[in-house]
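Engineer: Structure file model-v9.txt (compact mmCIF, C-alpha atoms) right here:
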```txt
# COMPACT_ATOMS: atom_id res chain seq x y z
CA MET A 1204 17.55 -34.89 -1.33
CA VAL A 1205 13.88 -35.45 -2.03
CA LYS A 1206 12.69 -37.63 -4.87
CA SER A 1207 9.96 -35.79 -6.76
CA THR A 1208 6.88 -37.82 -7.51
CA HIS A 1209 4.92 -35.19 -9.41
CA SER A 1210 5.77 -33.03 -12.40
CA LYS A 1211 5.40 -29.26 -12.41
CA ASP A 1212 2.29 -29.47 -14.60
CA GLU A 1213 0.70 -32.02 -12.30
CA VAL A 1214 1.30 -29.80 -9.28
CA LEU A 1215 -0.13 -26.76 -11.11
CA GLU A 1216 -3.16 -28.84 -12.09
CA ILE A 1217 -3.75 -29.85 -8.46
CA LEU A 1218 -3.43 -26.21 -7.36
CA SER A 1219 -5.94 -25.06 -10.02
CA VAL A 1220 -8.83 -26.06 -7.76
CA ILE A 1221 -7.90 -23.56 -5.02
CA PRO A 1222 -10.38 -20.66 -5.05
CA ASP A 1223 -9.61 -17.06 -4.27
CA PRO A 1224 -10.82 -16.87 -0.63
CA GLU A 1225 -12.55 -13.52 -1.21
CA ILE A 1226 -14.06 -14.25 -4.66
CA PRO A 1227 -14.58 -18.02 -4.61
CA VAL A 1228 -15.84 -18.28 -8.22
CA VAL A 1229 -12.31 -17.80 -9.56
CA SER A 1230 -9.20 -19.79 -8.76
CA ILE A 1231 -5.85 -18.36 -7.70
CA ARG A 1232 -4.46 -19.68 -10.98
CA GLU A 1233 -7.07 -17.85 -13.10
CA MET A 1234 -6.38 -14.69 -11.10
CA GLY A 1235 -2.71 -14.89 -12.06
CA MET A 1236 -1.54 -15.11 -8.46
CA LEU A 1237 -0.05 -18.57 -8.86
CA ARG A 1238 3.16 -17.82 -10.74
CA ASP A 1239 5.22 -20.99 -10.86
CA VAL A 1240 6.19 -24.29 -9.26
CA LEU A 1241 9.86 -25.11 -8.88
CA ILE A 1242 11.02 -28.65 -8.21
CA THR A 1243 14.31 -28.71 -6.32
CA ASP A 1244 16.35 -31.15 -4.23
CA GLU A 1245 14.51 -29.83 -1.16
CA GLY A 1246 11.05 -30.46 -2.59
CA TYR A 1247 8.37 -28.30 -4.22
CA GLU A 1248 8.45 -24.54 -4.15
CA VAL A 1249 5.23 -22.73 -5.06
CA ILE A 1250 5.75 -19.16 -6.25
CA LEU A 1251 2.89 -16.86 -5.35
CA THR A 1252 2.34 -13.14 -5.85
CA PRO A 1253 -0.17 -11.00 -3.91
CA THR A 1254 -2.76 -8.88 -5.71
CA TYR A 1255 -2.24 -6.07 -3.19
CA THR A 1256 0.75 -5.69 -0.85
CA GLY A 1257 -1.58 -5.76 2.14
CA CYS A 1258 -3.87 -8.52 0.83
CA PRO A 1259 -5.12 -10.24 4.01
CA ALA A 1260 -5.99 -13.43 2.09
CA MET A 1261 -2.35 -14.43 1.52
CA GLY A 1262 -2.06 -16.40 4.77
CA ILE A 1263 -5.18 -18.41 3.95
CA ILE A 1264 -4.01 -19.07 0.39
CA GLU A 1265 -0.66 -20.33 1.65
CA GLN A 1266 -2.43 -22.70 4.05
CA ASP A 1267 -4.79 -23.86 1.27
CA ILE A 1268 -1.82 -24.64 -0.99
CA LYS A 1269 -0.08 -26.70 1.67
CA MET A 1270 -3.23 -28.61 2.65
CA THR A 1271 -4.28 -29.30 -0.93
CA LEU A 1272 -0.86 -30.62 -1.92
CA ASP A 1273 -0.56 -32.62 1.29
CA SER A 1274 -3.87 -34.35 0.55
CA LYS A 1275 -2.44 -35.44 -2.82
CA HIS A 1276 0.78 -36.66 -1.16
CA VAL A 1277 2.88 -33.89 -2.67
CA PHE A 1278 5.50 -32.86 -0.12
CA PRO A 1279 7.62 -31.20 1.23
CA VAL A 1280 6.17 -27.90 0.06
CA LYS A 1281 7.43 -24.35 0.52
CA VAL A 1282 5.42 -21.29 -0.53
CA LYS A 1283 7.42 -18.27 -1.62
CA LEU A 1284 5.90 -14.80 -1.93
CA VAL A 1285 7.35 -12.62 -4.69
CA PHE A 1286 6.60 -9.01 -5.70
CA ASP A 1287 8.44 -9.02 -9.01
CA PRO A 1288 6.97 -8.72 -11.56
CA ALA A 1289 4.17 -6.78 -9.86
CA TRP A 1290 0.76 -8.43 -10.25
CA THR A 1291 -1.59 -6.70 -12.65
CA THR A 1292 -5.26 -7.25 -13.47
CA ASP A 1293 -4.09 -7.75 -17.07
CA TRP A 1294 -2.94 -11.25 -16.03
CA MET A 1295 -6.49 -12.28 -15.28
CA SER A 1296 -7.62 -14.87 -17.81
CA SER A 1297 -10.66 -14.21 -20.00
CA VAL A 1298 -12.34 -17.16 -18.31
CA ALA A 1299 -11.79 -15.48 -14.95
CA LYS A 1300 -13.28 -12.23 -16.27
CA ARG A 1301 -16.35 -14.04 -17.59
CA LYS A 1302 -16.81 -15.81 -14.25
CA LEU A 1303 -16.53 -12.50 -12.39
CA ARG A 1304 -19.20 -10.93 -14.60
CA GLU A 1305 -21.54 -13.90 -14.09
CA TYR A 1306 -20.94 -13.60 -10.34
CA GLY A 1307 -22.05 -9.94 -10.51
CA ILE A 1308 -18.64 -8.27 -10.36
CA ALA A 1309 -17.65 -6.08 -13.32
CA PRO A 1310 -14.21 -7.31 -14.43
CA PRO A 1311 -11.24 -4.91 -14.78
CA VAL A 1312 -10.90 -3.09 -18.09
CA HIS A 1313 -7.77 -4.31 -19.87
CA SER A 1314 -4.70 -2.05 -19.73
CA SER A 1315 -6.63 0.45 -17.64
CA CYS A 1316 -3.88 0.23 -15.01
CA ASN A 1317 -1.79 2.42 -17.31
CA LEU A 1318 -4.20 5.36 -17.07
CA GLY A 1319 -3.07 8.60 -15.45
CA VAL A 1320 -3.93 9.61 -11.89
CA PHE A 1321 -7.16 11.41 -12.83
CA GLU A 1322 -8.37 9.33 -15.77
CA TYR A 1323 -11.35 7.01 -15.48
CA ASN A 1324 -12.86 4.23 -17.55
CA ILE A 1325 -16.53 3.74 -18.25
CA ILE A 1326 -17.60 0.59 -16.44
CA GLN A 1327 -20.28 -1.69 -17.86
CA CYS A 1328 -22.99 -3.04 -15.60
CA PRO A 1329 -22.47 -6.83 -15.18
CA GLN A 1330 -26.27 -7.35 -14.99
CA CYS A 1331 -27.65 -5.46 -18.01
CA ASN A 1332 -24.45 -4.39 -19.84
CA SER A 1333 -25.46 -0.74 -19.76
CA SER A 1334 -22.64 1.81 -19.85
CA ASP A 1335 -24.75 4.33 -17.94
CA THR A 1336 -23.14 3.63 -14.57
CA VAL A 1337 -21.94 5.84 -11.76
CA LEU A 1338 -19.22 5.42 -9.15
CA LEU A 1339 -20.57 5.23 -5.59
CA SER A 1340 -17.36 4.57 -3.69
CA ARG A 1341 -13.76 4.16 -4.86
CA PHE A 1342 -13.24 1.51 -2.21
CA GLY A 1343 -15.39 -1.48 -1.43
CA SER A 1344 -15.63 -4.59 0.68
CA THR A 1345 -12.13 -5.70 -0.30
CA ALA A 1346 -9.01 -3.77 -1.32
CA CYS A 1347 -9.46 -4.81 -4.96
CA LYS A 1348 -13.01 -3.54 -5.55
CA SER A 1349 -14.99 -0.28 -6.01
CA LEU A 1350 -18.76 0.21 -5.71
CA TYR A 1351 -20.86 1.33 -8.68
CA LYS A 1352 -24.54 1.79 -9.46
CA CYS A 1353 -26.25 1.16 -12.78
CA ASN A 1354 -28.57 3.97 -13.87
CA SER A 1355 -30.41 1.68 -16.32
CA CYS A 1356 -31.33 -1.35 -14.20
CA LYS A 1357 -30.74 0.50 -10.88
CA GLU A 1358 -28.67 -2.39 -9.48
CA PRO A 1359 -25.62 -1.58 -7.37
CA PHE A 1360 -22.58 -3.66 -8.29
CA GLU A 1361 -18.88 -4.10 -7.56
CA TYR A 1362 -16.09 -3.35 -10.01
CA PHE A 1363 -12.77 -5.16 -9.78
CA LYS A 1364 -10.38 -2.20 -9.89
CA CYS A 1365 -7.61 -2.11 -12.42
CA HIS A 1366 -4.21 -2.59 -10.92
CA MET B 515 28.35 3.58 8.34
CA THR B 516 28.94 0.63 5.99
CA GLU B 517 26.70 0.24 2.95
CA GLN B 518 24.90 -2.62 4.71
CA GLN B 519 24.18 -0.44 7.75
CA SER B 520 23.01 2.41 5.54
CA LEU B 521 20.67 0.12 3.61
CA PHE B 522 19.28 -1.32 6.86
CA ASN B 523 18.66 2.18 8.19
CA TYR B 524 17.10 3.26 4.90
CA CYS B 525 14.67 0.31 4.83
CA LEU B 526 13.61 1.18 8.38
CA ARG B 527 12.90 4.76 7.27
CA LEU B 528 10.61 3.66 4.44
CA GLY B 529 9.06 0.89 6.52
CA ASP B 530 8.39 3.18 9.50
CA ASP B 531 6.78 5.80 7.25
CA ALA B 532 4.34 3.16 6.04
CA LEU B 533 3.77 1.62 9.49
CA VAL B 534 3.00 4.89 11.26
CA GLN B 535 0.77 6.15 8.44
CA SER B 536 -1.08 2.86 8.60
CA TYR B 537 -1.56 3.28 12.34
CA ARG B 538 -3.01 6.78 12.00
CA LEU B 539 -5.30 5.78 9.13
CA SER B 540 -6.62 2.78 11.06
CA GLU B 541 -7.70 5.15 13.82
CA TRP B 542 -10.38 6.36 11.39
CA CYS B 543 -11.98 2.91 11.38
CA SER B 544 -15.65 3.46 12.36
CA SER B 545 -15.02 7.21 12.89
CA ALA B 546 -14.96 8.59 9.34
CA PRO B 547 -17.68 11.08 8.35
CA ILE B 548 -19.32 8.65 5.91
CA LEU B 549 -19.17 4.91 5.32
CA GLU B 550 -17.39 5.28 1.96
CA GLU B 551 -14.58 7.20 3.65
CA ASP B 552 -14.34 4.65 6.41
CA LEU B 553 -13.68 2.08 3.68
CA ALA B 554 -11.27 4.31 1.78
CA LEU B 555 -9.10 5.26 4.74
CA THR B 556 -8.91 1.75 6.14
CA ASN B 557 -8.10 0.42 2.64
CA PHE B 558 -5.18 2.85 2.52
CA ALA B 559 -4.13 1.62 5.97
CA LEU B 560 -4.14 -1.92 4.62
CA ASP B 561 -1.96 -0.95 1.64
CA MET B 562 0.50 0.63 4.01
CA ILE B 563 0.65 -2.23 6.47
CA GLY B 564 1.50 -4.48 3.51
CA ARG B 565 4.22 -2.10 2.40
CA ALA B 566 5.57 -1.87 5.98
CA GLN B 567 5.70 -5.67 6.24
CA ALA B 568 7.65 -5.97 3.00
CA LEU B 569 10.13 -3.23 3.91
CA LEU B 570 10.67 -4.24 7.53
CA SER B 571 11.12 -7.92 6.58
CA TYR B 572 13.72 -6.82 4.06
CA ALA B 573 15.40 -4.62 6.70
CA GLY B 574 15.65 -7.71 8.92
CA THR B 575 17.23 -9.69 6.08
CA ILE B 576 19.77 -6.94 5.41
CA GLU B 577 20.68 -6.71 9.09
CA GLY B 578 21.22 -10.47 9.21
CA LYS B 579 20.50 -10.93 12.91
CA GLY B 580 17.32 -12.90 12.46
CA ARG B 581 14.94 -10.07 13.37
CA THR B 582 11.51 -10.30 11.72
CA ASP B 583 9.16 -7.50 10.61
CA ASP B 584 7.26 -8.00 13.89
CA ASP B 585 10.46 -7.74 15.96
CA LEU B 586 11.28 -4.47 14.24
CA ALA B 587 7.76 -3.06 14.61
CA TYR B 588 7.17 -4.06 18.23
CA LYS B 589 10.57 -4.06 19.89
CA ARG B 590 12.23 -0.81 18.95
CA GLY B 591 12.00 2.29 21.10
CA GLU B 592 10.99 5.74 19.96
CA ARG B 593 14.52 6.90 19.19
CA GLN B 594 15.04 3.92 16.88
CA PHE B 595 12.05 4.90 14.72
CA TYR B 596 12.78 6.96 11.61
CA ASN B 597 9.36 7.83 10.17
CA HIS B 598 8.84 11.42 8.99
CA LEU B 599 7.27 13.68 11.63
CA ILE B 600 4.28 14.43 9.39
CA THR B 601 3.16 10.78 9.58
CA GLU B 602 2.86 10.71 13.38
CA LEU B 603 0.82 13.89 13.98
CA PRO B 604 -2.67 13.17 15.36
CA ASN B 605 -5.42 12.80 12.74
CA GLY B 606 -7.17 16.07 13.59
CA ASP B 607 -10.35 16.57 11.57
CA PHE B 608 -11.14 15.01 8.19
CA ALA B 609 -9.64 17.98 6.30
CA PHE B 610 -6.38 17.56 8.20
CA THR B 611 -6.23 13.86 7.33
CA ILE B 612 -6.97 14.58 3.66
CA ALA B 613 -4.34 17.34 3.49
CA ARG B 614 -1.77 15.00 5.04
CA ILE B 615 -2.58 12.19 2.58
CA LEU B 616 -2.34 14.70 -0.28
CA PHE B 617 1.10 15.96 0.80
CA ILE B 618 2.51 12.51 1.48
CA SER B 619 1.01 10.68 -1.50
CA ALA B 620 2.14 13.41 -3.93
CA PHE B 621 5.63 12.96 -2.48
CA GLU B 622 5.46 9.16 -2.56
CA TYR B 623 4.15 9.17 -6.11
CA SER B 624 7.37 10.81 -7.36
CA TYR B 625 9.56 8.98 -4.87
CA TYR B 626 8.35 5.43 -5.51
CA ASN B 627 8.27 6.07 -9.25
CA ALA B 628 12.00 6.77 -9.01
CA LEU B 629 12.60 3.90 -6.58
CA GLN B 630 11.27 1.45 -9.19
CA HIS B 631 14.59 1.96 -10.96
CA SER B 632 16.67 1.25 -7.85
CA SER B 633 19.78 -0.87 -8.36
CA ASP B 634 18.52 -2.91 -5.39
CA ALA B 635 16.17 -5.49 -6.92
CA THR B 636 14.05 -6.01 -3.79
CA LEU B 637 13.41 -2.30 -3.29
CA ALA B 638 12.63 -1.90 -7.00
CA ALA B 639 10.08 -4.74 -6.82
CA ILE B 640 8.39 -3.33 -3.69
CA ALA B 641 8.25 0.11 -5.35
CA ALA B 642 6.73 -1.25 -8.58
CA LYS B 643 4.04 -2.95 -6.50
CA THR B 644 3.33 -0.04 -4.22
CA ILE B 645 3.21 2.73 -6.85
CA LYS B 646 -0.10 1.33 -8.13
CA GLU B 647 -1.58 1.78 -4.68
CA ILE B 648 -0.12 5.27 -4.18
CA LYS B 649 -1.85 6.39 -7.38
CA TYR B 650 -5.21 5.68 -5.74
CA HIS B 651 -4.22 7.52 -2.54
CA LEU B 652 -3.16 10.58 -4.54
CA SER B 653 -6.24 10.81 -6.73
CA HIS B 654 -8.57 10.26 -3.78
CA ALA B 655 -6.92 12.91 -1.58
CA SER B 656 -6.75 15.38 -4.50
CA GLU B 657 -10.44 15.02 -5.27
CA TRP B 658 -11.38 15.49 -1.63
CA ALA B 659 -9.15 18.53 -1.19
CA ILE B 660 -10.84 20.15 -4.22
CA ARG B 661 -14.28 19.24 -2.88
CA LEU B 662 -13.58 20.61 0.61
CA GLY B 663 -11.98 23.78 -0.72
CA ASN B 664 -14.97 24.52 -2.94
CA GLY B 665 -17.55 23.42 -0.39
CA THR B 666 -18.88 25.56 2.46
CA ASP B 667 -17.01 28.29 4.34
CA GLU B 668 -16.59 25.73 7.10
CA SER B 669 -14.96 23.05 4.93
CA HIS B 670 -12.84 25.65 3.11
CA GLY B 671 -11.63 27.08 6.41
CA ARG B 672 -10.80 23.67 7.80
CA LEU B 673 -8.79 22.72 4.72
CA GLN B 674 -6.91 26.03 4.81
CA ARG B 675 -6.05 25.58 8.50
CA ALA B 676 -4.87 22.02 7.82
CA ILE B 677 -2.64 23.15 4.94
CA ASN B 678 -1.20 25.97 7.07
CA SER B 679 -0.34 23.77 10.02
CA LEU B 680 1.06 20.88 7.97
CA TRP B 681 3.24 22.96 5.66
CA MET B 682 6.21 23.12 8.02
CA TYR B 683 6.33 19.31 8.14
CA THR B 684 6.72 18.94 4.36
CA GLY B 685 10.33 20.15 4.14
CA GLU B 686 11.57 16.99 5.83
CA LEU B 687 10.27 14.78 3.02
CA PHE B 688 12.93 16.20 0.72
CA GLU B 689 15.93 16.01 3.02
CA ALA B 690 18.83 13.72 2.22
CA ASP B 691 21.47 13.09 4.88
CA GLU B 692 24.73 11.17 4.38
CA VAL B 693 22.91 7.81 4.59
CA GLU B 694 20.72 8.60 1.60
CA ALA B 695 23.44 10.51 -0.23
CA SER B 696 25.71 7.45 -0.07
CA LEU B 697 22.90 5.17 -1.30
CA ALA B 698 21.89 7.61 -4.03
CA LYS B 699 25.46 7.50 -5.35
CA VAL B 700 25.09 3.79 -6.12
CA ASN B 701 21.52 4.29 -7.42
CA ILE B 702 19.88 2.41 -4.57
CA CYS B 703 17.69 5.33 -3.52
CA PRO B 704 16.28 8.37 -5.35
CA ASP B 705 17.68 11.83 -4.81
CA ALA B 706 14.87 13.27 -2.67
CA PRO B 707 15.82 17.01 -2.82
CA GLN B 708 15.46 16.87 -6.62
CA LEU B 709 11.83 15.76 -6.35
CA ARG B 710 10.57 18.87 -4.55
CA THR B 711 9.91 20.99 -7.66
CA ASN B 712 7.68 18.28 -9.10
CA TRP B 713 5.91 17.79 -5.80
CA LYS B 714 5.24 21.50 -5.37
CA HIS B 715 3.86 21.71 -8.85
CA GLN B 716 1.51 18.76 -8.24
CA VAL B 717 0.32 20.03 -4.85
CA GLU B 718 -0.10 23.62 -6.08
CA SER B 719 -2.28 22.57 -8.99
CA VAL B 720 -4.63 20.75 -6.59
CA LEU B 721 -4.64 23.53 -3.97
CA ASN B 722 -5.23 26.22 -6.59
CA GLU B 723 -8.24 24.31 -7.80
CA ALA B 724 -9.33 24.00 -4.17
CA THR B 725 -9.09 27.83 -3.94
CA VAL B 726 -6.92 27.75 -0.82
CA THR B 727 -3.78 29.81 -0.25
CA ILE B 728 -0.44 28.08 -0.44
CA PRO B 729 1.73 28.96 2.56
CA LYS B 730 5.19 30.48 2.21
CA ASP B 731 8.22 28.28 2.78
CA GLU B 732 9.40 29.36 6.19
CA TYR B 733 10.73 27.31 9.08
CA MET B 734 10.63 23.56 8.40
CA GLN B 735 10.55 20.92 11.15
CA THR B 736 13.21 18.21 11.08
CA GLY B 737 14.75 15.43 13.16
CA SER B 738 12.99 12.14 12.38
CA ARG B 739 15.85 10.63 10.39
CA LEU B 740 17.95 10.94 13.57
CA GLY B 741 15.17 9.39 15.65
CA ILE B 742 14.07 12.73 17.15
CA HIS B 743 10.28 12.88 17.15
CA THR B 744 7.29 14.92 18.25
CA GLU B 745 5.62 13.92 21.52
CA TYR B 746 3.06 11.91 19.55
CA LEU B 747 5.18 8.96 18.43
CA GLY B 748 5.71 7.75 22.01
CA HIS B 749 1.97 7.59 22.53
CA ILE B 750 1.51 5.63 19.29
CA LEU B 751 4.17 3.11 20.28
CA SER B 752 2.87 2.68 23.82
CA GLU B 753 -0.40 1.47 22.34
CA MET B 754 0.97 -0.37 19.29
CA GLN B 755 3.62 -2.24 21.27
CA TYR B 756 1.63 -2.82 24.45
CA LEU B 757 0.95 -6.51 23.92
CA GLN B 758 4.51 -7.50 23.03
CA ARG B 759 5.88 -5.42 25.92
CA ALA B 760 3.44 -6.83 28.49
CA TYR B 761 3.50 -10.42 27.18
CA PRO B 762 6.79 -10.89 25.34
CA GLU B 763 6.70 -13.38 22.45
CA ALA B 764 2.91 -13.73 22.64
CA THR B 765 1.47 -15.21 19.44
CA TRP B 766 -2.05 -15.75 18.12
```
Would you write out, as structure tokens, the structure that this file holds?

Structural biologist:
Amino acid sequence: MVKSTHSKDEVLEILSVIPDPEIPVVSIREMGMLRDVLITDEGYEVILTPTYTGCPAMGIIEQDIKMTLDSKHVFPVKVKLVFDPAWTTDWMSSVAKRKLREYGIAPPVHSSCNLGVFEYNIIQCPQCNSSDTVLLSRFGSTACKSLYKCNSCKEPFEYFKCH
Amino acid sequence: MTEQQSLFNYCLRLGDDALVQSYRLSEWCSSAPILEEDLALTNFALDMIGRAQALLSYAGTIEGKGRTDDDLAYKRGERQFYNHLITELPNGDFAFTIARILFISAFEYSYYNALQHSSDATLAAIAAKTIKEIKYHLSHASEWAIRLGNGTDESHGRLQRAINSLWMYTGELFEADEVEASLAKVNICPDAPQLRTNWKHQVESVLNEATVTIPKDEYMQTGSRLGIHTEYLGHILSEMQYLQRAYPEATW
């Protein structure tokens, strides 16, 4: 039996500082990956969901969670990975989307994950807001992004794919 | 077979399909015709390694003997692998790889859509996650098939040859033996034979647009669900499992 010293909200607050390792301007909480914190007799259980099943950042995020909580004397901590409900870009907060745009990544279009197999959205350039953009590559530097080019300002940019 | 044994075997089938596909796709790393395709194919490989991890971990849990996803990937022999034969064939040229992704992703799109409604909560959750990724694989392979088919005589010919030689490996995707029949009865797994009409419709619409001829259904290869493979799986495993075989229990 472990006596808990921190409330769920306090633990969530502490975890809010952890950045997404691949897009450090947003936190794992803003991304919607941090699902819950359970306080049990065995300690603290952090519930986490991956953006993509093969997301290689999960190991680093788990380590970050343990180290961050340890530094605030929150222990013992267990991190549990869940798939249900499946993560969707619709969980991204509006703050997170604004931060992505400022960082130069076009944020996912809401509800676009419900489109059919051959339907596409028009993506706005995060630099000049033009809608005259063209897809360069469906897949980019990470599993969650595509590459686009803006025909107005000629800048290439990344789009966070809907999921 | 008890229901637990059937479920264990079934998770290995799905997990091995993902693992072996991932292996073949990773072989394209740095060898694809253009950089964008290098990224696309290796991204697909990453999706599939994630799916394999989830399914093989779950298989280990079902079995209850403490085996991990790594144990199941690295310490089973060829006859204990149950991936479909189509997944283990060598990559061939780019058209062959695209045709294979088209056939498999069109199948998986129907299959994992149905699996989302599995009475097994873990499988349903993995399916709901993975279907989003399969959608990308399907649209990408479809677009490329259409592009190759309508390209030059060379690309058209290569796509046609790929379709012709892969066709006899597609029948196996829709087989259901007693393991799957027993699980389908309790709504754990989809009824694969029922999905073929949909699949054929999907694949035909792409291939018609690609102006290639659809082969006739003749002899279909089979055997993987009994652990009987082509000569190629052994070669994959000898490389994939080398480290754990040579240095048992080695870790990073």

Engineer: Distance atom CA of A:Val1214-atom CA of A:Gly1235, one decimal place?

Structural biologist: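 Spanning atom CA of A:Val1214 to atom CA of A:Gly1235 is a straight-line distance of 15.7 Å.
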
Engineer: Which is closest to chain B among A:Phe1278, A:Tyr1323, A:Tyr1247, A:Trp1294, if we use only C-alpha atoms?

Structural biologist: A:Tyr1323

Engineer: Select all residues from chain B having any atom no more than 7 Å from an atom of chain A (counting only C-alpha atoms, ignoring ligands), output as a list in words.

Structural biologist: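 Every residue meeting the condition is included here: Glu550, Leu553, Ala554, Asn557, Leu560, Asp561, Met562, Ile563, Gly564, Arg565, Ala639, Ile640, Ala642, Lys643, Lys646, Lys649 and Ser653 of chain B.
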
Engineer: Could you save those same residues with C-alpha atoms as a PDB file, in the coordinates of the input?

Structural biologist:
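Writing done, so here's result_6.pdb:
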```
ATOM      1  CA  GLU B 550     -17.390   5.280   1.960  1.00  0.00           C
ATOM      2  CA  LEU B 553     -13.680   2.080   3.680  1.00  0.00           C
ATOM      3  CA  ALA B 554     -11.270   4.310   1.780  1.00  0.00           C
ATOM      4  CA  ASN B 557      -8.100   0.420   2.640  1.00  0.00           C
ATOM      5  CA  LEU B 560      -4.140  -1.920   4.620  1.00  0.00           C
ATOM      6  CA  ASP B 561      -1.960  -0.950   1.640  1.00  0.00           C
ATOM      7  CA  MET B 562       0.500   0.630   4.010  1.00  0.00           C
ATOM      8  CA  ILE B 563       0.650  -2.230   6.470  1.00  0.00           C
ATOM      9  CA  GLY B 564       1.500  -4.480   3.510  1.00  0.00           C
ATOM     10  CA  ARG B 565       4.220  -2.100   2.400  1.00  0.00           C
ATOM     11  CA  ALA B 639      10.080  -4.740  -6.820  1.00  0.00           C
ATOM     12  CA  ILE B 640       8.390  -3.330  -3.690  1.00  0.00           C
ATOM     13  CA  ALA B 642       6.730  -1.250  -8.580  1.00  0.00           C
ATOM     14  CA  LYS B 643       4.040  -2.950  -6.500  1.00  0.00           C
ATOM     15  CA  LYS B 646      -0.100   1.330  -8.130  1.00  0.00           C
ATOM     16  CA  LYS B 649      -1.850   6.390  -7.380  1.00  0.00           C
ATOM     17  CA  SER B 653      -6.240  10.810  -6.730  1.00  0.00           C
TER      18      SER B 653
END
```

Engineer: To one decimal place in Å, what is the distance between atom CA of B:Ile702 and atom CA of B:Tyr596?

Structural biologist: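 According to the coordinates, atom CA of B:Ile702 and atom CA of B:Tyr596 are separated by 18.2 Å.
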
Engineer: With only C-alpha atoms as the counted atoms, please give the residues lying no more than 7 Å from stretch 585-592 of chain B, apart from itself and same-chain residues fewer than 3 positions off, as number ranges by chain.

Structural biologist: B: 570, 581-582, 595, 747-748, 755, 758

Engineer: Report the centre and edge lengths, in Å to one decimal, of an axis-aligned box enclosing every atom of stretch 747-757 of chain B listed in the file, padded by 6 Å on each side, as JSON.

Structural biologist:
```
{"center_x": 2.7, "center_y": 1.2, "center_z": 21.4, "size_x": 18.1, "size_y": 27.5, "size_z": 18.0}
```

Engineer: Which one of B:Gln708, B:Ser752, B:Gln735, B:Ser696 sits closest to B:Thr516 if you count all atoms listed in the file?

Structural biologist: B:Ser696

Engineer: Please provide the set of residues having any atom within 7 Å of A:Glu1233, restricted to all atoms listed in the file, with same-chain residues fewer than 3 positions apart removed, written as an MDAnalysis selection string.

Structural biologist: chainID A and resid 1229:1230 1295:1296 1299

Engineer: Restricting the output to C-alpha atoms, write the selected residues as a PDB file, in the coordinates of the input.

Structural biologist:
```pdb
ATOM      1  CA  VAL A1229     -12.310 -17.800  -9.560  1.00  0.00           C
ATOM      2  CA  SER A1230      -9.200 -19.790  -8.760  1.00  0.00           C
ATOM      3  CA  MET A1295      -6.490 -12.280 -15.280  1.00  0.00           C
ATOM      4  CA  SER A1296      -7.620 -14.870 -17.810  1.00  0.00           C
ATOM      5  CA  ALA A1299     -11.790 -15.480 -14.950  1.00  0.00           C
TER       6      ALA A1299
END
```

Engineer: Report, in Å to a single decimal, how far apart atom CA of A:Lys1275 and atom CA of A:Ile1231 are.

Structural biologist: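 Separation between atom CA of A:Ile1231 and atom CA of A:Lys1275: 18.1 Å.
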
Engineer: List as a list in words the protein and nucleic acid residues near B:Ala620, meaning an atom at most 7 Å away when only C-alpha atoms are counted, but skip any in the same chain fewer than 5 places from it.

Structural biologist: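 Using only C-alpha atoms, the neighbours found are Leu652, Trp713, Gln716 and Val717 of chain B.
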
Engineer: What would the list of residues within 12 Å of (23.7, 6.9, -2.9) (file frame) look like as number ranges by chain, if all atoms listed in the file are what count?

Structural biologist: B: 517, 520-521, 524, 632-634, 690-706

Engineer: Using all atoms listed in the file, find the one residue out of A:Val1337, A:Phe1363, A:Pro1227, A:Leu1241 that sits nearest to A:Lys1281.

Structural biologist: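 That would be A:Leu1241, the residue with the smallest distance to A:Lys1281.
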
Engineer: Show which residues sit within 7 Å of stretch 667-675 of chain B, as an NGL selection string. Count only C-alpha atoms, and ignore same-chain residues fewer than 6 positions away.

Structural biologist: :B and (609-610 or 726)

Engineer: Please determine, counting all atoms listed in the file, which residue among A:Glu1248, A:Asp1267, A:Asp1293, A:Asp1223 has the shortest atom-to-atom distance to A:His1313.

Structural biologist: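 Of A:Glu1248, A:Asp1267, A:Asp1293, A:Asp1223, the one nearest A:His1313 is A:Asp1293, counting all atoms listed in the file.
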
Engineer: Find the residue from A:Gln1266, A:Thr1243, A:Ser1314, A:Thr1271 that sits nearest to A:Leu1215; use all atoms listed in the file when measuring.

Structural biologist: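 Closest to A:Leu1215 of all the choices is A:Thr1271.
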
Engineer: Counting all atoms listed in the file, which residue out of A:Ser1219, A:Ser1334, A:Ser1207, A:Thr1252 sits closest to A:Ile1268?

Structural biologist: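 Selected residue with least distance to A:Ile1268: A:Ser1219.
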